[in-house]
file structure12.cif (mmCIF, C-alpha atoms)
data_model
#
loop_
_atom_site.group_PDB
_atom_site.id
_atom_site.type_symbol
_atom_site.label_atom_id
_atom_site.label_comp_id
_atom_site.auth_asym_id
_atom_site.auth_seq_id
_atom_site.Cartn_x
_atom_site.Cartn_y
_atom_site.Cartn_z
ATOM 1 C CA MET A 14 0.000 0.000 0.000
ATOM 2 C CA SER A 15 1.205 3.490 -0.763
ATOM 3 C CA SER A 16 1.164 6.101 1.937
ATOM 4 C CA LEU A 17 1.014 9.735 0.936
ATOM 5 C CA ALA A 18 2.205 12.174 3.555
ATOM 6 C CA PRO A 19 1.628 15.920 3.116
ATOM 7 C CA ILE A 20 4.451 17.752 1.380
ATOM 8 C CA SER A 21 5.120 21.365 2.274
ATOM 9 C CA ALA A 22 3.834 23.796 -0.315
ATOM 10 C CA VAL A 23 6.231 24.379 -3.181
ATOM 11 C CA SER A 24 5.418 27.073 -5.652
ATOM 12 C CA PHE A 25 6.270 26.390 -9.237
ATOM 13 C CA PRO A 26 7.433 29.333 -11.285
ATOM 14 C CA SER A 27 4.786 31.363 -12.985
ATOM 15 C CA PRO A 28 4.952 31.420 -16.751
ATOM 16 C CA VAL A 29 6.807 34.334 -18.281
ATOM 17 C CA ARG A 30 4.768 37.490 -18.024
ATOM 18 C CA GLU A 31 5.244 40.173 -20.599
ATOM 19 C CA THR A 32 3.120 43.146 -21.401
ATOM 20 C CA SER A 33 2.779 44.769 -24.751
ATOM 21 C CA ARG A 34 1.693 48.302 -25.395
ATOM 22 C CA PHE A 35 0.101 49.039 -28.723
ATOM 23 C CA THR A 36 0.371 52.364 -30.465
ATOM 24 C CA PRO A 37 -1.551 52.059 -33.715
ATOM 25 C CA ARG A 38 -0.178 54.380 -36.352
ATOM 26 C CA PRO A 39 -2.332 55.283 -39.334
ATOM 27 C CA VAL A 40 -1.010 54.575 -42.777
ATOM 28 C CA THR A 41 -1.771 57.582 -44.973
ATOM 29 C CA SER A 42 -0.461 58.957 -48.205
ATOM 30 C CA GLY A 43 -0.197 62.558 -47.125
ATOM 31 C CA LEU A 44 -3.936 63.032 -46.660
ATOM 32 C CA ASN A 45 -5.393 64.281 -43.401
ATOM 33 C CA PRO A 46 -7.462 61.289 -42.279
ATOM 34 C CA GLY A 47 -9.471 63.217 -39.662
ATOM 35 C CA PRO A 48 -10.941 61.565 -36.600
ATOM 36 C CA GLY A 49 -11.306 57.815 -36.847
ATOM 37 C CA LEU A 50 -11.194 54.570 -34.979
ATOM 38 C CA SER A 51 -8.034 52.706 -33.965
ATOM 39 C CA ALA A 52 -8.073 49.332 -32.233
ATOM 40 C CA ALA A 53 -5.568 46.672 -31.223
ATOM 41 C CA ALA A 54 -5.820 43.292 -29.533
ATOM 42 C CA GLU A 55 -3.455 40.620 -28.288
ATOM 43 C CA VAL A 56 -3.932 37.055 -27.046
ATOM 44 C CA ARG A 57 -0.976 35.437 -25.290
ATOM 45 C CA THR A 58 -1.037 31.748 -24.309
ATOM 46 C CA THR A 59 1.665 30.041 -22.243
ATOM 47 C CA LYS A 60 1.700 26.312 -21.515
ATOM 48 C CA SER A 61 4.192 24.511 -19.275
ATOM 49 C CA GLU A 62 4.489 20.930 -18.169
ATOM 50 C CA GLY A 63 6.984 18.890 -16.254
ATOM 51 C CA SER A 64 7.622 15.608 -14.533
ATOM 52 C CA LEU A 65 9.934 14.389 -11.801
ATOM 53 C CA GLN A 66 10.639 10.744 -11.113
ATOM 54 C CA LEU A 67 12.864 9.825 -8.193
ATOM 55 C CA ARG A 68 13.977 6.871 -6.124
ATOM 56 C CA THR A 69 15.011 7.233 -2.493
ATOM 57 C CA GLN A 70 17.907 5.387 -0.851
ATOM 58 C CA ASP A 71 15.253 3.114 0.762
ATOM 59 C CA GLY A 72 13.795 2.224 -2.658
ATOM 60 C CA ASP A 73 10.638 4.345 -2.424
ATOM 61 C CA ILE A 74 9.533 5.649 -5.824
ATOM 62 C CA VAL A 75 7.904 9.063 -6.310
ATOM 63 C CA ASN A 76 6.407 10.428 -9.535
ATOM 64 C CA ILE A 77 5.290 14.062 -9.679
ATOM 65 C CA SER A 78 3.870 15.687 -12.801
ATOM 66 C CA PHE A 79 2.331 19.081 -13.418
ATOM 67 C CA ALA A 80 0.746 21.099 -16.193
ATOM 68 C CA ALA A 81 0.088 24.836 -16.134
ATOM 69 C CA ALA A 82 -1.613 27.136 -18.609
ATOM 70 C CA GLN A 83 -2.070 30.879 -18.728
ATOM 71 C CA ARG A 84 -4.059 32.904 -21.236
ATOM 72 C CA SER A 85 -4.182 36.675 -21.234
ATOM 73 C CA GLU A 86 -6.167 38.881 -23.565
ATOM 74 C CA GLY A 87 -5.882 42.601 -23.967
ATOM 75 C CA ALA A 88 -7.582 45.093 -26.226
ATOM 76 C CA PHE A 89 -7.997 48.802 -26.603
ATOM 77 C CA ALA A 90 -9.758 51.131 -28.966
ATOM 78 C CA THR A 91 -9.688 54.886 -29.448
ATOM 79 C CA LYS A 92 -12.156 57.085 -31.237
ATOM 80 C CA GLY A 93 -11.509 60.769 -31.112
ATOM 81 C CA SER A 94 -10.612 61.540 -27.495
ATOM 82 C CA SER A 95 -12.315 58.427 -26.019
ATOM 83 C CA THR A 96 -10.302 55.345 -25.095
ATOM 84 C CA TYR A 97 -11.548 51.872 -24.210
ATOM 85 C CA ARG A 98 -9.289 49.280 -22.532
ATOM 86 C CA GLN A 99 -9.960 45.694 -21.511
ATOM 87 C CA ARG A 100 -7.741 42.986 -20.055
ATOM 88 C CA SER A 101 -8.528 39.474 -18.849
ATOM 89 C CA GLU A 102 -6.427 36.590 -17.618
ATOM 90 C CA GLN A 103 -7.067 32.900 -16.993
ATOM 91 C CA GLN A 104 -4.751 30.434 -15.253
ATOM 92 C CA SER A 105 -4.895 26.727 -14.509
ATOM 93 C CA LEU A 106 -2.604 24.271 -12.728
ATOM 94 C CA SER A 107 -2.829 20.547 -12.169
ATOM 95 C CA VAL A 108 -0.414 18.429 -10.127
ATOM 96 C CA ASP A 109 -0.340 14.630 -9.815
ATOM 97 C CA ILE A 110 1.723 12.876 -7.129
ATOM 98 C CA ASP A 111 2.193 9.101 -6.935
ATOM 99 C CA VAL A 112 4.189 7.447 -4.130
ATOM 100 C CA GLU A 113 5.198 3.772 -3.969
ATOM 101 C CA GLY A 114 6.437 3.092 -0.439
ATOM 102 C CA ASN A 115 6.488 5.036 2.817
ATOM 103 C CA LEU A 116 8.353 8.330 2.872
ATOM 104 C CA SER A 117 10.136 9.428 6.020
ATOM 105 C CA LYS A 118 10.151 13.037 7.207
ATOM 106 C CA LYS A 119 13.750 13.400 5.956
ATOM 107 C CA GLU A 120 12.792 12.071 2.511
ATOM 108 C CA LEU A 121 9.866 14.514 2.380
ATOM 109 C CA ARG A 122 12.182 17.413 3.323
ATOM 110 C CA ASP A 123 14.734 16.319 0.714
ATOM 111 C CA ILE A 124 12.046 16.031 -1.986
ATOM 112 C CA GLY A 125 10.752 19.517 -1.075
ATOM 113 C CA LYS A 126 14.302 20.865 -1.279
ATOM 114 C CA LEU A 127 14.828 19.221 -4.675
ATOM 115 C CA LEU A 128 11.516 20.667 -5.956
ATOM 116 C CA ARG A 129 12.596 24.166 -4.886
ATOM 117 C CA GLN A 130 15.957 23.689 -6.649
ATOM 118 C CA LEU A 131 14.224 22.509 -9.819
ATOM 119 C CA ALA A 132 11.772 25.438 -9.704
ATOM 120 C CA SER A 133 14.733 27.797 -9.383
ATOM 121 C CA PHE A 134 16.458 26.027 -12.290
ATOM 122 C CA VAL A 135 13.344 26.388 -14.472
ATOM 123 C CA LYS A 136 13.146 30.114 -13.651
ATOM 124 C CA GLY A 137 16.781 30.466 -14.710
ATOM 125 C CA ASP A 138 18.238 31.247 -11.287
ATOM 126 C CA LYS A 139 21.780 30.140 -10.553
ATOM 127 C CA ILE A 140 21.867 26.993 -8.431
ATOM 128 C CA ASN A 141 24.584 26.686 -5.798
ATOM 129 C CA SER A 142 26.657 23.588 -6.356
ATOM 130 C CA ASP A 143 30.067 22.381 -5.262
ATOM 131 C CA SER A 144 30.807 21.451 -8.865
ATOM 132 C CA ASN A 145 29.325 24.701 -10.310
ATOM 133 C CA LYS A 146 27.505 22.520 -12.807
ATOM 134 C CA GLY A 147 24.094 22.904 -11.196
ATOM 135 C CA LEU A 148 21.800 19.973 -11.849
ATOM 136 C CA ALA A 149 23.891 18.692 -14.748
ATOM 137 C CA SER A 150 26.219 16.882 -12.343
ATOM 138 C CA PRO A 151 24.988 13.364 -11.495
ATOM 139 C CA ALA A 152 26.654 13.570 -8.066
ATOM 140 C CA ALA A 153 25.013 16.902 -7.164
ATOM 141 C CA PRO A 154 21.628 15.498 -6.003
ATOM 142 C CA LYS A 155 23.273 13.031 -3.598
ATOM 143 C CA ALA A 156 25.444 15.760 -2.114
ATOM 144 C CA ARG A 157 22.450 18.036 -1.536
ATOM 145 C CA ASN A 158 19.763 15.435 -0.835
ATOM 146 C CA SER A 159 21.325 12.380 0.757
ATOM 147 C CA SER A 160 18.058 10.425 0.955
ATOM 148 C CA ILE A 161 17.480 10.700 -2.819
ATOM 149 C CA ALA A 162 19.339 7.995 -4.739
ATOM 150 C CA GLU A 163 18.488 9.233 -8.244
ATOM 151 C CA PHE A 164 16.033 11.420 -10.109
ATOM 152 C CA SER A 165 14.934 12.351 -13.604
ATOM 153 C CA PHE A 166 13.332 15.709 -14.457
ATOM 154 C CA ALA A 167 11.726 16.902 -17.695
ATOM 155 C CA TYR A 168 10.232 20.330 -18.400
ATOM 156 C CA SER A 169 8.806 22.070 -21.440
ATOM 157 C CA SER A 170 7.171 25.421 -22.029
ATOM 158 C CA SER A 171 5.657 27.108 -25.062
ATOM 159 C CA GLN A 172 4.181 30.509 -25.724
ATOM 160 C CA THR A 173 2.033 31.784 -28.584
ATOM 161 C CA VAL A 174 1.134 35.380 -29.286
ATOM 162 C CA GLU A 175 -1.598 36.589 -31.627
ATOM 163 C CA GLN A 176 -1.939 40.285 -32.450
ATOM 164 C CA ALA A 177 -4.365 42.306 -34.498
ATOM 165 C CA ARG A 178 -4.541 46.040 -35.313
ATOM 166 C CA LEU A 179 -7.162 48.052 -37.116
ATOM 167 C CA SER A 180 -7.375 51.691 -38.125
ATOM 168 C CA VAL A 181 -10.433 53.219 -39.838
ATOM 169 C CA TYR A 182 -10.609 56.876 -40.899
ATOM 170 C CA ALA A 183 -13.534 58.864 -42.155
#

call {"tool": "encode", "arguments": {"input": "structure12.cif", "output": "structure tokens"}}
result
Amino acid sequence: MSSLAPISAVSFPSPVRETSRFTPRPVTSGLNPGPGLSAAAEVRTTKSEGSLQLRTQDGDIVNISFAAAQRSEGAFATKGSSTYRQRSEQQSLSVDIDVEGNLSKKELRDIGKLLRQLASFVKGDKINSDSNKGLASPAAPKARNSSIAEFSFAYSSSQTVEQARLSVYA
């Protein structure tokens, strides 16, 4: 039977957040277009997923996987001196944890520590390591997390951006 003990909260990095400011510029051929309507919109979607498989020194096996998605939409329109702005954002996160065996408090602490190191690695922070090779060194996890015999980590992230602009002149 598997026993699942509570793991302290570990926050995974938020997807990259960027903001875009639109300044629609009318295309004219020297004519004075007069007052008109200008509008712009953007949809930005970020998806990330990852998995961690590890085996403890006692032979316990832990599989953790997650998927996160973020969608933000922004739009604005101007007509004469009036401006309209709208922004919305949606986020989702799912995490699955599977444990085969009984984890000790030390193993739980070491797994939490490893998760924080991996989150830092994903965000691009420098990881302290005796070998200065970060997580690339096979010996590094044992040195930092003595109850973890081995682990495998995979992560991917993608971002799509759609933009539209419109200018209408009378």

call {"tool": "resolve_selection", "arguments": {"input": "structure12.cif", "expression": "the PyMOL selection byres ((chain A and resi 173) around 10)", "output": "PyMOL selection string"}}
result
chain A and resi 56-60+84+171-172+174-175

call {"tool": "write_last_selection", "arguments": {"input": "structure12.cif", "atoms": "C-alpha atoms", "output": "mmCIF file, in the coordinates of the input"}}
result
data_model
loop_
_atom_site.group_PDB
_atom_site.id
_atom_site.type_symbol
_atom_site.label_atom_id
_atom_site.label_comp_id
_atom_site.auth_asym_id
_atom_site.auth_seq_id
_atom_site.Cartn_x
_atom_site.Cartn_y
_atom_site.Cartn_z
ATOM 1 C CA VAL A 56 -3.932 37.055 -27.046
ATOM 2 C CA ARG A 57 -0.976 35.437 -25.290
ATOM 3 C CA THR A 58 -1.037 31.748 -24.309
ATOM 4 C CA THR A 59 1.665 30.041 -22.243
ATOM 5 C CA LYS A 60 1.700 26.312 -21.515
ATOM 6 C CA ARG A 84 -4.059 32.904 -21.236
ATOM 7 C CA SER A 171 5.657 27.108 -25.062
ATOM 8 C CA GLN A 172 4.181 30.509 -25.724
ATOM 9 C CA VAL A 174 1.134 35.380 -29.286
ATOM 10 C CA GLU A 175 -1.598 36.589 -31.627
#

call {"tool": "atom_distance", "arguments": {"input": "structure12.cif", "atom1": "CA of Lys118 in chain A", "atom2": "CA of Asp71 in chain A"}}
result
12.9 Å

call {"tool": "resolve_selection", "arguments": {"input": "structure12.cif", "expression": "the PyMOL selection byres ((chain A and resi 87) around 8)", "output": "JSON, numbers by chain"}}
result
{"A": [54, 55, 56, 85, 86, 88, 89, 98, 99, 100, 101]}

call {"tool": "atom_distance", "arguments": {"input": "structure12.cif", "atom1": "CA of Ser64 in chain A", "atom2": "CA of Ser117 in chain A"}}
result
21.6 Å

call {"tool": "closest_residue", "arguments": {"input": "structure12.cif", "among": "A:Ala167, A:Leu179, A:Ala81, A:Ala52", "to": "Ser95 in chain A", "atoms": "only C-alpha atoms"}}
result
A:Ala52

call {"tool": "closest_residue", "arguments": {"input": "structure12.cif", "among": "A:Leu67, A:Leu50, A:Val108, A:Leu128", "to": "Ala80 in chain A", "atoms": "all atoms listed in the file"}}
result
A:Val108

call {"tool": "atom_distance", "arguments": {"input": "structure12.cif", "atom1": "CA of Leu65 in chain A", "atom2": "CA of Phe166 in chain A"}}
result
4.5 Å

call {"tool": "decode", "arguments": {"input": "structure12.cif", "residues": "range 93-130 of chain A", "atoms": "N, CA and C atoms", "output": "short mmCIF file (atom, residue, chain, number, x, y, z; two decimals), in the first residue's frame"}}
result
data_model
loop_
_atom_site.label_atom_id
_atom_site.label_comp_id
_atom_site.auth_asym_id
_atom_site.auth_seq_id
_atom_site.Cartn_x
_atom_site.Cartn_y
_atom_site.Cartn_z
N GLY A 93 -11.59 59.38 -31.53
CA GLY A 93 -11.51 60.77 -31.11
C GLY A 93 -10.72 60.85 -29.81
N SER A 94 -11.31 61.42 -28.77
CA SER A 94 -10.61 61.54 -27.49
C SER A 94 -11.03 60.46 -26.50
N SER A 95 -11.87 59.50 -26.91
CA SER A 95 -12.31 58.43 -26.02
C SER A 95 -11.43 57.19 -26.19
N THR A 96 -11.13 56.56 -25.07
CA THR A 96 -10.30 55.35 -25.10
C THR A 96 -11.01 54.25 -24.31
N TYR A 97 -10.97 53.04 -24.85
CA TYR A 97 -11.55 51.87 -24.21
C TYR A 97 -10.44 50.84 -24.03
N ARG A 98 -10.30 50.30 -22.81
CA ARG A 98 -9.29 49.28 -22.53
C ARG A 98 -9.94 48.10 -21.83
N GLN A 99 -9.46 46.90 -22.17
CA GLN A 99 -9.96 45.69 -21.51
C GLN A 99 -8.82 44.69 -21.40
N ARG A 100 -8.77 44.01 -20.26
CA ARG A 100 -7.74 42.99 -20.05
C ARG A 100 -8.35 41.85 -19.24
N SER A 101 -8.07 40.62 -19.62
CA SER A 101 -8.53 39.47 -18.85
C SER A 101 -7.42 38.43 -18.82
N GLU A 102 -7.46 37.61 -17.78
CA GLU A 102 -6.43 36.59 -17.62
C GLU A 102 -7.05 35.34 -17.01
N GLN A 103 -6.62 34.19 -17.52
CA GLN A 103 -7.07 32.90 -16.99
C GLN A 103 -5.83 32.05 -16.71
N GLN A 104 -5.86 31.31 -15.60
CA GLN A 104 -4.75 30.43 -15.25
C GLN A 104 -5.29 29.10 -14.77
N SER A 105 -4.53 28.03 -15.04
CA SER A 105 -4.89 26.73 -14.51
C SER A 105 -3.62 25.97 -14.15
N LEU A 106 -3.73 25.07 -13.18
CA LEU A 106 -2.60 24.27 -12.73
C LEU A 106 -3.13 22.93 -12.25
N SER A 107 -2.49 21.87 -12.69
CA SER A 107 -2.83 20.55 -12.17
C SER A 107 -1.53 19.85 -11.78
N VAL A 108 -1.58 19.14 -10.65
CA VAL A 108 -0.41 18.43 -10.13
C VAL A 108 -0.86 17.02 -9.75
N ASP A 109 -0.09 16.03 -10.18
CA ASP A 109 -0.34 14.63 -9.81
C ASP A 109 0.87 14.11 -9.06
N ILE A 110 0.65 13.44 -7.94
CA ILE A 110 1.72 12.88 -7.13
C ILE A 110 1.40 11.41 -6.88
N ASP A 111 2.36 10.53 -7.17
CA ASP A 111 2.19 9.10 -6.94
C ASP A 111 3.39 8.62 -6.13
N VAL A 112 3.13 7.93 -5.00
CA VAL A 112 4.19 7.45 -4.13
C VAL A 112 4.04 5.94 -3.97
N GLU A 113 5.14 5.21 -4.21
CA GLU A 113 5.20 3.77 -3.97
C GLU A 113 6.16 3.56 -2.80
N GLY A 114 5.62 3.27 -1.63
CA GLY A 114 6.44 3.09 -0.44
C GLY A 114 6.00 4.07 0.63
N ASN A 115 6.76 4.13 1.70
CA ASN A 115 6.49 5.04 2.82
C ASN A 115 7.63 6.03 2.92
N LEU A 116 7.32 7.30 2.81
CA LEU A 116 8.35 8.33 2.87
C LEU A 116 8.55 8.79 4.31
N SER A 117 9.81 8.90 4.70
CA SER A 117 10.14 9.43 6.02
C SER A 117 10.08 10.96 5.98
N LYS A 118 10.14 11.57 7.15
CA LYS A 118 10.15 13.04 7.21
C LYS A 118 11.37 13.59 6.48
N LYS A 119 12.53 12.94 6.63
CA LYS A 119 13.75 13.40 5.96
C LYS A 119 13.58 13.31 4.44
N GLU A 120 13.01 12.21 3.95
CA GLU A 120 12.79 12.07 2.51
C GLU A 120 11.85 13.16 2.01
N LEU A 121 10.79 13.45 2.77
CA LEU A 121 9.87 14.51 2.38
C LEU A 121 10.58 15.86 2.32
N ARG A 122 11.42 16.15 3.32
CA ARG A 122 12.18 17.41 3.32
C ARG A 122 13.12 17.47 2.11
N ASP A 123 13.80 16.35 1.84
CA ASP A 123 14.73 16.32 0.71
C ASP A 123 14.01 16.48 -0.62
N ILE A 124 12.83 15.88 -0.75
CA ILE A 124 12.05 16.03 -1.99
C ILE A 124 11.59 17.48 -2.13
N GLY A 125 11.13 18.10 -1.04
CA GLY A 125 10.75 19.52 -1.08
C GLY A 125 11.92 20.40 -1.48
N LYS A 126 13.10 20.10 -0.93
CA LYS A 126 14.30 20.86 -1.28
C LYS A 126 14.64 20.70 -2.77
N LEU A 127 14.55 19.47 -3.26
CA LEU A 127 14.83 19.22 -4.68
C LEU A 127 13.82 19.96 -5.56
N LEU A 128 12.53 19.95 -5.18
CA LEU A 128 11.52 20.67 -5.96
C LEU A 128 11.82 22.16 -6.01
N ARG A 129 12.24 22.73 -4.89
CA ARG A 129 12.60 24.17 -4.89
C ARG A 129 13.80 24.43 -5.79
N GLN A 130 14.78 23.53 -5.78
CA GLN A 130 15.96 23.69 -6.65
C GLN A 130 15.55 23.59 -8.12
#
